[in-house]
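Below you'll find the structure, written out as structure tokens, and then a few comments.
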Amino acid sequence: MRTPHTPPANGMAFIMAPDNGPPPRTSQGSSIGIMDESSEDNVQQLAVELDTCKDIGDIDGNHIAIDTKSVLNSVTAKSLNNIRVNLTSQRNIKVRVDYNSWTNLLEVYAAYASDPLVKVIKLQIDLEGTVPRSIFVGFTASTGSFTERHQLLDWKFTSTVYM
């Protein structure tokens, strides 16, 4: 969410990373604290990016993407304009991320808090081959040179291991 009358900043992300150490040295701004050029293609993590600023390689300034190797040119980026949700609207927005380990299917849903969820992304991904067995689960955000308020009002993470 941004402050009225200011350009959008960069957004926030749900992240599954190898540890809870500090973000890469130059991951501020458009990298949303996820990764920088030195870590791209050499990192084991998954991020669900809620991007509020159109940077180089972005489809627009209002999208969700799945980032595993790079925050640039994500092939999974989907505009939220298609479902009439605006990340900078100052309205409460709900997002749900589901992963089925049997089918390796990752699905991301979004909507305004008062509306039913809509599937935005459906991605076939082997999470076991993408993130390490022991991970940090949390959030990261960035504002770059502008002001943006990121508010996480409620969240739930459930993990089930089937043997």
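Each chain of the structure tokens is named A, B, ... in the order shown, its residues numbered from 1; ligands are numbered from 1 in display order.
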
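Summary of the local environment: counting only C-alpha atoms, residues at most 9 Å from segment 80-83 of chain A, other than itself and those fewer than 5 positions away along its chain, are Asn62, His63, Ile64, Ala110, Ala111, Val118 and Val120 of chain A.
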
* To do: Using only C-alpha atoms, determine which residues lie at most 7 Å from segment 44-48 of chain A, disregarding the query and same-chain residues fewer than 6 positions distant; provide the list as a PyMOL selection string.
  => chain A and resi 13-18+64-68+130-132

Store the residues picked out above, limited to all heavy atoms, as an mmCIF file, in the first residue's frame.
```cif
data_model
loop_
_atom_site.group_PDB
_atom_site.id
_atom_site.type_symbol
_atom_site.label_atom_id
_atom_site.label_comp_id
_atom_site.auth_asym_id
_atom_site.auth_seq_id
_atom_site.Cartn_x
_atom_site.Cartn_y
_atom_site.Cartn_z
ATOM 1 N N ALA A 13 7.120 -9.546 -0.509
ATOM 2 C CA ALA A 13 7.115 -10.931 -0.961
ATOM 3 C C ALA A 13 7.038 -11.890 0.218
ATOM 4 O O ALA A 13 7.602 -11.627 1.287
ATOM 5 C CB ALA A 13 8.369 -11.233 -1.776
ATOM 6 N N PHE A 14 6.332 -12.985 0.020
ATOM 7 C CA PHE A 14 6.372 -14.141 0.911
ATOM 8 C C PHE A 14 7.570 -14.949 0.435
ATOM 9 O O PHE A 14 7.740 -15.172 -0.767
ATOM 10 C CB PHE A 14 5.085 -14.953 0.769
ATOM 11 C CG PHE A 14 5.157 -16.319 1.385
ATOM 12 C CD1 PHE A 14 5.092 -16.472 2.762
ATOM 13 C CD2 PHE A 14 5.278 -17.443 0.595
ATOM 14 C CE1 PHE A 14 5.163 -17.734 3.336
ATOM 15 C CE2 PHE A 14 5.333 -18.706 1.160
ATOM 16 C CZ PHE A 14 5.283 -18.851 2.538
ATOM 17 N N ILE A 15 8.425 -15.384 1.363
ATOM 18 C CA ILE A 15 9.667 -16.039 0.937
ATOM 19 C C ILE A 15 9.938 -17.309 1.717
ATOM 20 O O ILE A 15 9.639 -17.410 2.907
ATOM 21 C CB ILE A 15 10.857 -15.060 1.047
ATOM 22 C CG1 ILE A 15 12.114 -15.634 0.399
ATOM 23 C CG2 ILE A 15 11.102 -14.644 2.476
ATOM 24 C CD1 ILE A 15 13.203 -14.618 0.155
ATOM 25 N N MET A 16 10.484 -18.291 1.031
ATOM 26 C CA MET A 16 11.008 -19.524 1.621
ATOM 27 C C MET A 16 12.482 -19.546 1.242
ATOM 28 O O MET A 16 12.825 -19.747 0.086
ATOM 29 C CB MET A 16 10.287 -20.748 1.068
ATOM 30 C CG MET A 16 8.794 -20.728 1.316
ATOM 31 S SD MET A 16 7.949 -22.047 0.436
ATOM 32 C CE MET A 16 7.768 -23.199 1.771
ATOM 33 N N ALA A 17 13.346 -19.271 2.229
ATOM 34 C CA ALA A 17 14.773 -19.095 1.967
ATOM 35 C C ALA A 17 15.607 -20.056 2.807
ATOM 36 O O ALA A 17 15.126 -20.580 3.814
ATOM 37 C CB ALA A 17 15.169 -17.656 2.255
ATOM 38 N N PRO A 18 16.870 -20.255 2.430
ATOM 39 C CA PRO A 18 17.735 -21.202 3.150
ATOM 40 C C PRO A 18 17.967 -20.848 4.615
ATOM 41 O O PRO A 18 18.208 -21.728 5.424
ATOM 42 C CB PRO A 18 19.057 -21.162 2.388
ATOM 43 C CG PRO A 18 18.738 -20.572 1.068
ATOM 44 C CD PRO A 18 17.532 -19.714 1.258
ATOM 45 N N ILE A 64 1.628 -10.224 -9.467
ATOM 46 C CA ILE A 64 2.158 -11.274 -8.599
ATOM 47 C C ILE A 64 3.048 -12.149 -9.471
ATOM 48 O O ILE A 64 2.718 -12.431 -10.625
ATOM 49 C CB ILE A 64 1.038 -12.126 -7.979
ATOM 50 C CG1 ILE A 64 0.212 -11.299 -6.982
ATOM 51 C CG2 ILE A 64 1.606 -13.358 -7.277
ATOM 52 C CD1 ILE A 64 -0.905 -12.063 -6.304
ATOM 53 N N ALA A 65 4.177 -12.581 -8.917
ATOM 54 C CA ALA A 65 5.085 -13.469 -9.651
ATOM 55 C C ALA A 65 5.696 -14.472 -8.686
ATOM 56 O O ALA A 65 5.801 -14.211 -7.491
ATOM 57 C CB ALA A 65 6.186 -12.670 -10.342
ATOM 58 N N ILE A 66 6.108 -15.601 -9.215
ATOM 59 C CA ILE A 66 6.857 -16.601 -8.462
ATOM 60 C C ILE A 66 8.315 -16.442 -8.870
ATOM 61 O O ILE A 66 8.645 -16.552 -10.047
ATOM 62 C CB ILE A 66 6.398 -18.043 -8.779
ATOM 63 C CG1 ILE A 66 4.887 -18.198 -8.612
ATOM 64 C CG2 ILE A 66 7.173 -19.046 -7.948
ATOM 65 C CD1 ILE A 66 4.384 -17.963 -7.223
ATOM 66 N N ASP A 67 9.177 -16.161 -7.897
ATOM 67 C CA ASP A 67 10.600 -15.961 -8.173
ATOM 68 C C ASP A 67 11.396 -17.090 -7.529
ATOM 69 O O ASP A 67 11.277 -17.332 -6.333
ATOM 70 C CB ASP A 67 11.084 -14.629 -7.597
ATOM 71 C CG ASP A 67 10.332 -13.438 -8.159
ATOM 72 O OD1 ASP A 67 9.978 -13.479 -9.354
ATOM 73 O OD2 ASP A 67 10.120 -12.470 -7.418
ATOM 74 N N THR A 68 12.202 -17.767 -8.332
ATOM 75 C CA THR A 68 13.087 -18.805 -7.797
ATOM 76 C C THR A 68 14.548 -18.516 -8.116
ATOM 77 O O THR A 68 15.417 -18.815 -7.316
ATOM 78 C CB THR A 68 12.731 -20.202 -8.358
ATOM 79 O OG1 THR A 68 12.798 -20.173 -9.779
ATOM 80 C CG2 THR A 68 11.348 -20.637 -7.906
ATOM 81 N N THR A 130 13.680 -27.080 -5.335
ATOM 82 C CA THR A 130 13.811 -25.622 -5.416
ATOM 83 C C THR A 130 14.321 -25.012 -4.120
ATOM 84 O O THR A 130 15.126 -24.087 -4.143
ATOM 85 C CB THR A 130 12.453 -24.990 -5.789
ATOM 86 O OG1 THR A 130 11.996 -25.566 -7.010
ATOM 87 C CG2 THR A 130 12.560 -23.492 -5.955
ATOM 88 N N VAL A 131 13.843 -25.504 -2.988
ATOM 89 C CA VAL A 131 14.274 -24.979 -1.684
ATOM 90 C C VAL A 131 14.913 -26.105 -0.876
ATOM 91 O O VAL A 131 14.588 -27.278 -1.066
ATOM 92 C CB VAL A 131 13.094 -24.353 -0.892
ATOM 93 C CG1 VAL A 131 12.521 -23.167 -1.633
ATOM 94 C CG2 VAL A 131 12.025 -25.365 -0.591
ATOM 95 N N PRO A 132 15.817 -25.765 0.045
ATOM 96 C CA PRO A 132 16.424 -26.807 0.876
ATOM 97 C C PRO A 132 15.403 -27.404 1.850
ATOM 98 O O PRO A 132 14.310 -26.877 2.020
ATOM 99 C CB PRO A 132 17.537 -26.073 1.623
ATOM 100 C CG PRO A 132 17.288 -24.632 1.454
ATOM 101 C CD PRO A 132 16.346 -24.443 0.317
#
```

* To do: Between atom CA of Ala113 of chain A and atom CA of Val137 of chain A, measure the distance and give it in Å to one decimal.
  =>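 Separation between atom CA of Ala113 of chain A and atom CA of Val137 of chain A: 23.0 Å.
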
* For Thr158 of chain A, which residue out of A:Asn100, A:Thr76, A:Thr140, A:Gln124 is the nearest one, using only C-alpha atoms? -> A:Asn100

* Find the residues near Leu152 of chain A: any atom within 12 Å, counting only C-alpha atoms, skip ones fewer than 3 places away on the same chain, and give them as a list in words. => Met1, Gly11, Met12, Ala13, Phe14, Asn92, Ile93, Lys94, Val95, Gly138, Phe139, Thr140, Ala141, Arg149, Trp155 and Lys156 of chain A

Just C-alpha atoms for this one: save the residues we selected as a PDB file, in the first residue's frame.
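See again-v8.pdb below for the written result:
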```pdb
ATOM      1  CA  MET A   1       0.000   0.000   0.000  1.00  0.00           C
ATOM      2  CA  GLY A  11       6.235  -4.157  -2.953  1.00  0.00           C
ATOM      3  CA  MET A  12       6.650  -7.176  -0.724  1.00  0.00           C
ATOM      4  CA  ALA A  13       7.115 -10.931  -0.961  1.00  0.00           C
ATOM      5  CA  PHE A  14       6.372 -14.141   0.911  1.00  0.00           C
ATOM      6  CA  ASN A  92      -7.236  -4.907   2.393  1.00  0.00           C
ATOM      7  CA  ILE A  93      -6.177  -7.659   0.009  1.00  0.00           C
ATOM      8  CA  LYS A  94      -6.011 -11.367   0.778  1.00  0.00           C
ATOM      9  CA  VAL A  95      -3.578 -13.761  -0.874  1.00  0.00           C
ATOM     10  CA  GLY A 138       8.603 -15.182   6.217  1.00  0.00           C
ATOM     11  CA  PHE A 139       8.273 -11.886   4.408  1.00  0.00           C
ATOM     12  CA  THR A 140      10.510  -9.271   2.875  1.00  0.00           C
ATOM     13  CA  ALA A 141       9.749  -5.861   1.378  1.00  0.00           C
ATOM     14  CA  ARG A 149       3.375   1.064   3.659  1.00  0.00           C
ATOM     15  CA  TRP A 155      -1.093 -14.871   7.938  1.00  0.00           C
ATOM     16  CA  LYS A 156      -1.020 -18.618   8.377  1.00  0.00           C
TER      17      LYS A 156
END
```
